[in-house]
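J.: The following block contains the structure, expressed as structure tokens.
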Amino acid sequence: MEYFTAPKIGRVFVLRLDQGDYVLESINDFIKKENIKDAVVVSAIGTLDYCVLHMVTTTGYPAVEHFERWEDKPLELSSIDGVIADGKPHLHAVVSDKEKAYSGHLEEGCRVLYLAEIVIVELVGANLSRIYDENHILKLSSNNK
């Protein structure tokens with residue numbers, strides 16, 4: 001295990017996405033606009049009508065991934081959590097239909113049905129990045145010692 005510290009919390013942003021906005025694409029635009037280097041996504045709620053999540057389907061290496069897609073189907077967005085490191089988000093989401101909930105890595109193509117509200121907290125001085133290890137697994141890292 002490793003852990004990293006941020007000397008201070010920076011700005012706190014509450015994003016409002018409207019009908020037809022794309023979730024990950026909007027977050028990426030926001031990161032660029034506000035020059036966010038490191039942050040955490042701490043909350044997200046809303047509704048979607050298109051969604052793409054991917055998840056692993058094996059325990060072996062390399063992982064086999066499955067992409068679950070919903071098109072023109074009402075979904076509740078119950079959460080998005082994750083870390084933005086060096087301006088690049090790694091986010092997971094939980095969505096549900098009237099029967100069950102699904103969780104996975106948030107992909108492009110998730111579209112807001114009615115609304116979405118997302119809270120992002122900036123981490124000042126964390127100096128986060130992601131590096132590949134010897135098994136080509138992407139791992140969180142920091143230049144802080």
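Letters A, B, ... go to the chains of the structure tokens in the order shown; residues in each chain start at 1; ligands are counted from 1 in the same order.
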Residues within 10 Å of Glu68 of chain A, please, as a PyMOL selection string. Count only C-alpha atoms; anything in the same chain fewer than 5 positions from it doesn't count.

T.: chain A and resi 51-55+102-104+107

J.: Leaving out Lys100 of chain A and any residue of its chain fewer than 3 positions from it, which residues lie within 12 Å of it when counting only C-alpha atoms, given as a ChimeraX atom specification?

T.: /A:75-76,78,94-97,103

J.: Can you write just those residues out, C-alpha atoms, as an mmCIF file, in the first residue's frame?

T.:
```
data_model
loop_
_atom_site.group_PDB
_atom_site.id
_atom_site.type_symbol
_atom_site.label_atom_id
_atom_site.label_comp_id
_atom_site.auth_asym_id
_atom_site.auth_seq_id
_atom_site.Cartn_x
_atom_site.Cartn_y
_atom_site.Cartn_z
ATOM 1 C CA LEU A 75 -31.535 5.388 -15.582
ATOM 2 C CA GLU A 76 -30.990 6.908 -12.170
ATOM 3 C CA SER A 78 -26.758 7.348 -7.976
ATOM 4 C CA VAL A 94 -23.516 3.561 -10.131
ATOM 5 C CA VAL A 95 -26.696 3.653 -12.201
ATOM 6 C CA SER A 96 -29.965 1.832 -11.768
ATOM 7 C CA ASP A 97 -33.106 0.978 -13.676
ATOM 8 C CA SER A 103 -21.575 -0.203 -11.410
#
```

J.: Where in chain A does DSSP assign alpha helix (DSSP H), given as a PyMOL selection string?

T.: chain A and resi 23-33

J.: Point out the residue among A:Cys110, A:Ala63, A:Ala93, A:Leu128 with the least atom-to-atom distance to Tyr3 of chain A, counting only C-alpha atoms.

T.: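 Comparing A:Cys110, A:Ala63, A:Ala93, A:Leu128 against Tyr3 of chain A, the winner is A:Leu128.
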
J.: For a test of reading the model, state the distance in Å between atom CA of Leu115 of chain A and atom CA of Glu65 of chain A, rounded to one decimal.

T.: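 Computing the Euclidean distance for atom CA of Leu115 of chain A and atom CA of Glu65 of chain A yields 29.0 Å.
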
J.: As a ChimeraX atom specification, please: the residues near segment 41-43 of chain A (cut-off 8 Å, only C-alpha atoms, same-chain neighbours under 2 positions excluded).

T.: /A:39,45,79-84,91,117-121

J.: Hey, can you spit out that residue selection with C-alpha atoms as a PDB file, in the first residue's frame?

T.:
```pdb
ATOM      1  CA  ALA A  39      -9.122  16.540  -7.522  1.00  0.00           C
ATOM      2  CA  ILE A  45     -26.734  12.402  -8.800  1.00  0.00           C
ATOM      3  CA  SER A  79     -23.073   8.243  -7.766  1.00  0.00           C
ATOM      4  CA  ILE A  80     -19.845   9.036  -9.529  1.00  0.00           C
ATOM      5  CA  ASP A  81     -16.667   8.709  -7.505  1.00  0.00           C
ATOM      6  CA  GLY A  82     -13.044   8.871  -8.440  1.00  0.00           C
ATOM      7  CA  VAL A  83      -9.766  10.686  -8.692  1.00  0.00           C
ATOM      8  CA  ILE A  84      -8.556  13.259 -11.174  1.00  0.00           C
ATOM      9  CA  LEU A  91     -14.234   7.657 -12.461  1.00  0.00           C
ATOM     10  CA  GLU A 117     -25.275  17.497 -10.230  1.00  0.00           C
ATOM     11  CA  ILE A 118     -21.626  16.686  -9.609  1.00  0.00           C
ATOM     12  CA  VAL A 119     -19.342  17.885  -6.798  1.00  0.00           C
ATOM     13  CA  ILE A 120     -15.588  18.078  -7.401  1.00  0.00           C
ATOM     14  CA  VAL A 121     -13.014  19.032  -4.745  1.00  0.00           C
TER      15      VAL A 121
END
```

J.: Work out how far atom CA of Glu71 of chain A is from atom CA of Asp49 of chain A, in Å to one decimal.

T.: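 Atom CA of Glu71 of chain A lies 6.5 Å from atom CA of Asp49 of chain A.
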
J.: List the spatial neighbours of Gly125 of chain A as a count of residues only - criterion: any atom at most 12 Å away, only C-alpha atoms, same-chain residues fewer than 3 positions off excluded.

T.: 20

J.: Name all residues at most 12 Å from Tyr61 of chain A (count only C-alpha atoms; drop same-chain ones fewer than 4 positions away) and give them as a list in words.

T.: Val56, Thr57, Glu65, Asn135, His136 and Ile137 of chain A

J.: Would you output that residue set with C-alpha atoms, as a CSV table (one decimal), in the first residue's frame?

T.:
```
chain,number,residue,atom,x,y,z
A,56,VAL,CA,-13.8,-6.5,-15.7
A,57,THR,CA,-15.2,-10.0,-16.2
A,65,GLU,CA,-13.5,-6.2,-20.0
A,135,ASN,CA,2.6,-5.8,-15.4
A,136,HIS,CA,1.2,-2.8,-17.4
A,137,ILE,CA,-1.3,-2.0,-14.7
```

J.: Identify which of the residues A:Lys73, A:Arg130, A:His66, A:Arg111 lies closest to Pro89 of chain A, counting only C-alpha atoms when measuring atom-to-atom distances.

T.: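 Between A:Lys73, A:Arg130, A:His66, A:Arg111, the residue approaching Pro89 of chain A most closely is A:Arg130.
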
J.: Any chance you could list, as JSON, numbers by chain, the residues in chain A that come up strand (DSSP E or B) when DSSP is run on the backbone?

T.: {"A": [8, 9, 10, 11, 12, 13, 14, 15, 16, 17, 18, 22, 39, 40, 41, 42, 43, 44, 45, 46, 47, 48, 49, 50, 51, 52, 53, 54, 55, 56, 65, 66, 67, 68, 69, 70, 71, 72, 73, 74, 75, 76, 77, 78, 79, 80, 81, 82, 83, 84, 85, 88, 89, 90, 91, 92, 93, 94, 95, 96, 101, 102, 103, 104, 105, 106, 111, 112, 113, 114, 115, 116, 117, 118, 119, 120, 121, 122, 123, 124, 128, 129, 130, 131, 132, 138, 139, 140, 141, 142]}

J.: Report, in Å with one decimal, the straight-line distance from atom CA of Pro62 of chain A to atom CA of Met1 of chain A.

T.: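 Interatomic distance, atom CA of Pro62 of chain A to atom CA of Met1 of chain A: 21.2 Å.
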